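What follows is a set of notes on a single structure, which appears directly below.
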Amino acid sequence: MEGRSDVDAAADRISKLPEPILQHILSFLLAKDAARMSTLSKVWDSAWNSLSSFNFGDKFLKSKDMPKLVNVVNQTLANRQKHKISMQKFSLGLPHHRWLSYVDDWIKILIACNIKELNLRVSRPIYEGKLEYNSLPEAIFAAKALNVLRLDGFKIELPSDGIKFSSLRELHLSDVFLNEEFIQALCTSCCNLEDLYLQNFDGLASFQVGNTSLPKLKKIDSLHGNLKVVKITACKALKTLYLNCVAVTDEWLESLFSSLPNLEIFKLFSCETLKNMKITSDRLKWLMASRCDNLIAVELDTPNLIKFQYNCHPLSTFKLKASVLLEATFCLFPETDDNHWHSKFTKFLANFNHSKAIELSCHCDRVIVIPKDLRENFLPPLYGTNILQVNLQNQSKYSVVDIIDSMLWISPHLGALSFIIRAPGVKTLKFIYEDASDNDEKPCCASLPWKCWRHVLKKVKLQNFTCMEQQELRNYFFANADISEMVVIPPDCSL
């Protein structure tokens, strides 16, 4: 009984919160769950009846559930229109196009209630074995107060009286059919548009923005389709650009950054026409190149670049100027795992020798364990890098000690090393070295122009290693360095 009293007291305290806060809580729930909350008390019922944000589900319902949903939406919107409640958000996913006849009436009510954010998703019908698109209700184009619009599964055709999206700031279109005429109307009518998301579309062969269009556009996210022409150089405010499966040429890319001086985030995915990536930019902070597998050479003059993701194979030749705070991630797909690959890989890594952190992801440990005979012919490529992370799908040939030994050759002054080998949890090592002022009487390695970890390492901290791995690492470090202490978390279980 005492426990029940505590629960009731807690519920009562929530009910005493101001109604706007109760409405904010309800806005995170599906509409059916928010409606159930309204039965708890008069306070919750009042919050529900004045609620202006509704999520009826973005997943497709079963058709048998639709008649009940239609009644609920009809009542909810009629109540808001009657009491002149401005609508903030409305989200709905439909299982079949035949329910769109109701949507047209709902949109008209939402527009009358000055809807700010509208999210509509509908399952595409199949006709003669082919997926078709649903016609978008024309009423939606008159939503002058709309700030955010998300559409999925529609054929978007320009209405005779044009677009009235004068307040639109974000437009997200996915799995749609559209054409150049709609894009041009969008450019001339949506002068406040800041964020454009366009993915998985048909009907559009080119994306072109006029010289005076979309002056506030800051983000084009996932421009994904078989576009032959992309002209966006007029978008001077653009900060984020993501191109997916777009026919990007070397010349187009080289001129892009001089035309878009504020571009800070640039992502390329499956742009297979690109062969030479040459970028000069003082503003670029984040660059991703993934599955652009015809890349031959990369030249980056990007002094403020702090994040770089590279997932292309084979490895390109590189010239790099970037921030000392750069964090780079590489997904490795070697053509072979012999000395030729390891030599090429070592030279590639050397371009990032002053990066703050490097992450290496690969299928097998053989990819990243540099043969010891090859190490004699190269300087460690990441001698200025402090943090390494390794992600392995399989550990097939080498022990944990072998992997760590290779990483400590690649980066001989590591501060932290972590790796994941297909198992839950991250294995980590932290290295503590002697102070620079300490006198080291031991001679350093004759082949290196600096002191390596073997001569200055004083303490190692291990975390999440197995008992056997702990013992192997203890033997390795005490045999190869004059360390004074090894700390194991959880406590060493092998002794």
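In the structure tokens, chains take letters A, B, ... by order of appearance, with residues numbered from 1 within each chain and ligands from 1 in the order shown.
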
Dump as a Markdown table the rows for residues of segment 305-350 of chain A within 12 Å of segment 258-266 of chain A: closest atom pair and distance in Å with one decimal, only C-alpha atoms counted, ordered by chain and rising residue number.
```
| residue | atom | partner | partner_atom | distance |
| --- | --- | --- | --- | --- |
| A:Leu305 | CA | A:Glu264 | CA | 8.7 |
| A:Ile306 | CA | A:Glu264 | CA | 10.4 |
| A:Lys307 | CA | A:Ile265 | CA | 9.3 |
| A:Phe308 | CA | A:Phe266 | CA | 9.9 |
| A:Gln309 | CA | A:Phe266 | CA | 10.6 |
```

- [ ] Skip Arg422 of chain A itself and residues of its chain fewer than 4 positions away, then list as a list of chain:residue names all residues within 7 Å of it, counting only C-alpha atoms.
- [x] A:Leu392, A:Gln393, A:Asn394

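Between Ile404 of chain A and the residues A:Leu149, A:Ala34, A:Ile421, A:Leu429, the shortest atom-to-atom distance, using only C-alpha atoms, involves A:Leu429.
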
So which residues of segment 218-338 of chain A fall under helix (DSSP H, G or I) by DSSP, listed as a compact mmCIF listing (two decimals) with all heavy atoms, in the first residue's frame?
```txt
# COMPACT_ATOMS: atom_id res chain seq x y z
N ASP A 250 35.47 15.75 -62.34
CA ASP A 250 36.63 16.37 -61.69
C ASP A 250 36.54 17.89 -61.76
O ASP A 250 36.79 18.60 -60.78
CB ASP A 250 37.93 15.91 -62.35
CG ASP A 250 38.11 14.40 -62.29
OD1 ASP A 250 37.30 13.73 -61.62
OD2 ASP A 250 39.06 13.91 -62.91
N GLU A 251 36.20 18.41 -62.95
CA GLU A 251 36.15 19.86 -63.15
C GLU A 251 35.05 20.49 -62.31
O GLU A 251 35.23 21.57 -61.72
CB GLU A 251 35.93 20.17 -64.63
CG GLU A 251 37.06 19.73 -65.54
CD GLU A 251 37.06 18.22 -65.81
OE1 GLU A 251 36.02 17.56 -65.50
OE2 GLU A 251 38.08 17.71 -66.31
N TRP A 252 33.88 19.82 -62.25
CA TRP A 252 32.76 20.36 -61.48
C TRP A 252 33.14 20.47 -60.01
O TRP A 252 32.87 21.47 -59.35
CB TRP A 252 31.54 19.45 -61.65
CG TRP A 252 30.32 19.89 -60.89
CD1 TRP A 252 29.36 20.74 -61.31
CD2 TRP A 252 29.96 19.50 -59.56
NE1 TRP A 252 28.40 20.90 -60.34
CE2 TRP A 252 28.75 20.15 -59.24
CE3 TRP A 252 30.53 18.66 -58.60
CZ2 TRP A 252 28.10 20.01 -58.02
CZ3 TRP A 252 29.89 18.52 -57.38
CH2 TRP A 252 28.69 19.17 -57.10
N LEU A 253 33.78 19.44 -59.49
CA LEU A 253 34.14 19.43 -58.08
C LEU A 253 35.18 20.50 -57.77
O LEU A 253 35.09 21.19 -56.75
CB LEU A 253 34.68 18.06 -57.69
CG LEU A 253 35.10 17.90 -56.22
CD1 LEU A 253 33.92 18.16 -55.29
CD2 LEU A 253 35.66 16.52 -55.97
N GLU A 254 36.16 20.66 -58.63
CA GLU A 254 37.21 21.64 -58.36
C GLU A 254 36.67 23.06 -58.31
O GLU A 254 37.14 23.88 -57.53
CB GLU A 254 38.30 21.53 -59.43
CG GLU A 254 39.52 22.39 -59.13
CD GLU A 254 40.67 22.12 -60.09
OE1 GLU A 254 40.56 21.18 -60.92
OE2 GLU A 254 41.67 22.84 -59.99
N SER A 255 35.67 23.34 -59.13
CA SER A 255 35.10 24.70 -59.15
C SER A 255 34.03 24.91 -58.09
O SER A 255 33.64 26.05 -57.81
CB SER A 255 34.50 24.98 -60.53
OG SER A 255 33.41 24.10 -60.79
N LEU A 256 33.55 23.80 -57.49
CA LEU A 256 32.43 23.90 -56.55
C LEU A 256 32.74 24.80 -55.36
O LEU A 256 31.94 25.65 -54.98
CB LEU A 256 32.05 22.50 -56.06
CG LEU A 256 30.92 22.42 -55.03
CD1 LEU A 256 29.59 22.76 -55.69
CD2 LEU A 256 30.84 21.03 -54.40
N PHE A 257 33.91 24.62 -54.77
CA PHE A 257 34.20 25.31 -53.52
C PHE A 257 34.49 26.80 -53.71
O PHE A 257 34.30 27.59 -52.78
CB PHE A 257 35.36 24.61 -52.80
CG PHE A 257 34.94 23.33 -52.15
CD1 PHE A 257 34.89 22.14 -52.87
CD2 PHE A 257 34.53 23.29 -50.83
CE1 PHE A 257 34.47 20.96 -52.29
CE2 PHE A 257 34.12 22.12 -50.23
CZ PHE A 257 34.08 20.94 -50.96
N SER A 258 34.93 27.18 -54.87
CA SER A 258 35.09 28.62 -55.13
C SER A 258 33.74 29.30 -55.29
O SER A 258 33.59 30.49 -55.02
CB SER A 258 35.94 28.83 -56.38
OG SER A 258 35.32 28.23 -57.52
N SER A 259 32.73 28.52 -55.69
CA SER A 259 31.38 29.07 -55.86
C SER A 259 30.55 29.01 -54.58
O SER A 259 29.60 29.77 -54.42
CB SER A 259 30.64 28.29 -56.96
OG SER A 259 31.34 28.33 -58.17
```

Open item on the list: List as a ChimeraX atom specification the protein and nucleic acid residues near Leu173 of chain A, meaning an atom at most 9 Å away when only C-alpha atoms are counted, but skip any in the same chain fewer than 6 places from it.
Closed with: /A:149-154,196-201

TODO: Would you list the contacts of segment 125-138 of chain A as an MDAnalysis selection string, taking every protein, DNA or RNA residue within 10 Å and counting only C-alpha atoms, but skipping same-chain residues closer than 2 positions in sequence?
DONE: chainID A and resid 95:98 100:101 103:105 107:108 120 122:123 140:142 151:163 175:177 202

- [ ] Extract, using only C-alpha atoms, all DNA, RNA and protein residues at most 10 Å from segment 459-472 of chain A, discarding same-chain residues fewer than 5 positions from it, and format them as an NGL selection string.
- [x] :A and (399-401 or 415-418 or 424-434 or 477 or 481-495)

Would you mind exporting N, CA, C and O atoms of the selected residues as a tab-separated table (two decimals), in the first residue's frame?
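Output contents, as saved in again_29.tsv:
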```
chain	number	residue	atom	x	y	z
A	399	SER	N	47.37	-12.76	-32.80
A	399	SER	CA	46.92	-12.58	-31.42
A	399	SER	C	46.73	-11.09	-31.14
A	399	SER	O	47.13	-10.23	-31.92
A	400	VAL	N	46.13	-10.81	-29.99
A	400	VAL	CA	45.97	-9.42	-29.56
A	400	VAL	C	47.33	-8.73	-29.44
A	400	VAL	O	47.50	-7.58	-29.82
A	401	VAL	N	48.32	-9.45	-28.96
A	401	VAL	CA	49.67	-8.90	-28.84
A	401	VAL	C	50.23	-8.53	-30.21
A	401	VAL	O	50.85	-7.47	-30.38
A	415	GLY	N	48.87	7.58	-27.24
A	415	GLY	CA	48.35	7.87	-25.92
A	415	GLY	C	47.24	6.90	-25.55
A	415	GLY	O	47.09	6.51	-24.39
A	416	ALA	N	46.47	6.51	-26.56
A	416	ALA	CA	45.36	5.58	-26.31
A	416	ALA	C	45.13	4.72	-27.54
A	416	ALA	O	45.19	5.21	-28.68
A	417	LEU	N	44.86	3.45	-27.32
A	417	LEU	CA	44.54	2.50	-28.38
A	417	LEU	C	43.30	1.72	-27.96
A	417	LEU	O	43.22	1.21	-26.85
A	418	SER	N	42.33	1.66	-28.86
A	418	SER	CA	41.12	0.88	-28.57
A	418	SER	C	40.78	0.05	-29.80
A	418	SER	O	41.06	0.45	-30.93
A	424	PRO	N	31.01	-7.72	-27.98
A	424	PRO	CA	30.56	-6.54	-27.25
A	424	PRO	C	31.65	-5.97	-26.37
A	424	PRO	O	32.46	-6.70	-25.80
A	425	GLY	N	31.68	-4.68	-26.27
A	425	GLY	CA	32.67	-4.03	-25.43
A	425	GLY	C	33.90	-3.62	-26.22
A	425	GLY	O	34.29	-4.28	-27.19
A	426	VAL	N	34.51	-2.55	-25.81
A	426	VAL	CA	35.70	-2.02	-26.46
A	426	VAL	C	36.90	-2.31	-25.58
A	426	VAL	O	36.92	-1.99	-24.40
A	427	LYS	N	37.92	-2.91	-26.16
A	427	LYS	CA	39.17	-3.13	-25.44
A	427	LYS	C	40.03	-1.87	-25.59
A	427	LYS	O	40.19	-1.36	-26.70
A	428	THR	N	40.55	-1.38	-24.47
A	428	THR	CA	41.32	-0.14	-24.52
A	428	THR	C	42.64	-0.28	-23.79
A	428	THR	O	42.77	-1.02	-22.81
A	429	LEU	N	43.64	0.46	-24.29
A	429	LEU	CA	44.93	0.61	-23.63
A	429	LEU	C	45.26	2.09	-23.56
A	429	LEU	O	45.08	2.82	-24.55
A	430	LYS	N	45.73	2.52	-22.41
A	430	LYS	CA	46.21	3.90	-22.25
A	430	LYS	C	47.67	3.85	-21.82
A	430	LYS	O	48.05	3.07	-20.95
A	431	PHE	N	48.47	4.70	-22.46
A	431	PHE	CA	49.91	4.67	-22.25
A	431	PHE	C	50.36	5.97	-21.57
A	431	PHE	O	49.97	7.07	-21.99
A	432	ILE	N	51.16	5.82	-20.54
A	432	ILE	CA	51.69	6.97	-19.82
A	432	ILE	C	53.22	6.92	-19.94
A	432	ILE	O	53.85	5.91	-19.61
A	433	TYR	N	53.77	8.03	-20.41
A	433	TYR	CA	55.20	8.09	-20.68
A	433	TYR	C	55.92	8.95	-19.64
A	433	TYR	O	55.31	9.72	-18.90
A	434	GLU	N	57.23	8.83	-19.64
A	434	GLU	CA	58.04	9.65	-18.74
A	434	GLU	C	57.97	11.11	-19.19
A	434	GLU	O	57.71	11.41	-20.36
A	477	PHE	N	54.71	-6.30	-22.52
A	477	PHE	CA	55.17	-4.96	-22.14
A	477	PHE	C	56.36	-5.00	-21.19
A	477	PHE	O	57.29	-4.18	-21.31
A	481	ALA	N	59.64	-3.02	-22.60
A	481	ALA	CA	59.78	-1.65	-22.08
A	481	ALA	C	60.06	-1.71	-20.59
A	481	ALA	O	59.73	-2.69	-19.91
A	482	ASP	N	60.67	-0.68	-20.11
A	482	ASP	CA	61.01	-0.60	-18.68
A	482	ASP	C	59.86	0.06	-17.92
A	482	ASP	O	60.00	1.12	-17.32
A	483	ILE	N	58.68	-0.59	-17.96
A	483	ILE	CA	57.51	0.01	-17.32
A	483	ILE	C	57.53	-0.30	-15.83
A	483	ILE	O	58.06	-1.33	-15.39
A	484	SER	N	56.93	0.60	-15.08
A	484	SER	CA	56.91	0.44	-13.62
A	484	SER	C	55.58	-0.11	-13.11
A	484	SER	O	55.51	-0.60	-11.99
A	485	GLU	N	54.54	-0.02	-13.94
A	485	GLU	CA	53.22	-0.43	-13.44
A	485	GLU	C	52.30	-0.78	-14.60
A	485	GLU	O	52.35	-0.17	-15.67
A	486	MET	N	51.43	-1.77	-14.36
A	486	MET	CA	50.35	-2.10	-15.28
A	486	MET	C	49.05	-2.19	-14.49
A	486	MET	O	48.95	-2.93	-13.53
A	487	VAL	N	48.08	-1.38	-14.88
A	487	VAL	CA	46.78	-1.34	-14.21
A	487	VAL	C	45.76	-2.03	-15.10
A	487	VAL	O	45.67	-1.74	-16.29
A	488	VAL	N	45.00	-2.95	-14.51
A	488	VAL	CA	44.04	-3.74	-15.27
A	488	VAL	C	42.63	-3.49	-14.73
A	488	VAL	O	42.40	-3.57	-13.54
A	489	ILE	N	41.71	-3.16	-15.63
A	489	ILE	CA	40.30	-2.96	-15.27
A	489	ILE	C	39.46	-3.86	-16.18
A	489	ILE	O	39.53	-3.73	-17.41
A	490	PRO	N	38.64	-4.77	-15.65
A	490	PRO	CA	38.53	-5.11	-14.23
A	490	PRO	C	39.82	-5.73	-13.70
A	490	PRO	O	40.70	-6.07	-14.49
A	491	PRO	N	39.93	-5.87	-12.40
A	491	PRO	CA	41.19	-6.34	-11.80
A	491	PRO	C	41.69	-7.62	-12.45
A	491	PRO	O	40.91	-8.47	-12.86
A	492	ASP	N	43.00	-7.73	-12.54
A	492	ASP	CA	43.65	-8.88	-13.18
A	492	ASP	C	43.18	-10.18	-12.56
A	492	ASP	O	43.26	-10.38	-11.35
A	493	CYS	N	42.66	-11.09	-13.38
A	493	CYS	CA	42.13	-12.35	-12.86
A	493	CYS	C	43.07	-13.50	-13.17
A	493	CYS	O	42.75	-14.66	-12.90
A	494	SER	N	44.21	-13.22	-13.80
A	494	SER	CA	45.11	-14.29	-14.20
A	494	SER	C	46.17	-14.60	-13.17
A	494	SER	O	46.94	-15.53	-13.33
A	495	LEU	N	46.26	-13.77	-12.15
A	495	LEU	CA	47.31	-13.98	-11.15
A	495	LEU	C	46.74	-14.66	-9.91
A	495	LEU	O	45.58	-14.48	-9.59
```

Open item on the list: List as a ChimeraX atom specification the protein and nucleic acid residues near Lys144 of chain A, meaning an atom at most 7 Å away when only C-alpha atoms are counted, but skip any in the same chain fewer than 4 places from it.
Closed with: /A:164-167

Residue selection dump (N, CA and C atoms) as a compact mmCIF listing (two decimals), in the first residue's frame:
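Everything below was put into out.txt:
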```txt
# COMPACT_ATOMS: atom_id res chain seq x y z
N LYS A 164 2.52 27.87 -52.76
CA LYS A 164 2.37 28.99 -51.82
C LYS A 164 3.21 28.78 -50.55
N PHE A 165 4.30 28.06 -50.67
CA PHE A 165 5.12 27.73 -49.50
C PHE A 165 6.04 28.89 -49.11
N SER A 166 5.48 30.02 -48.83
CA SER A 166 6.30 31.20 -48.55
C SER A 166 7.04 31.11 -47.21
N SER A 167 6.56 30.26 -46.28
CA SER A 167 7.19 30.14 -44.96
C SER A 167 8.03 28.87 -44.81
```
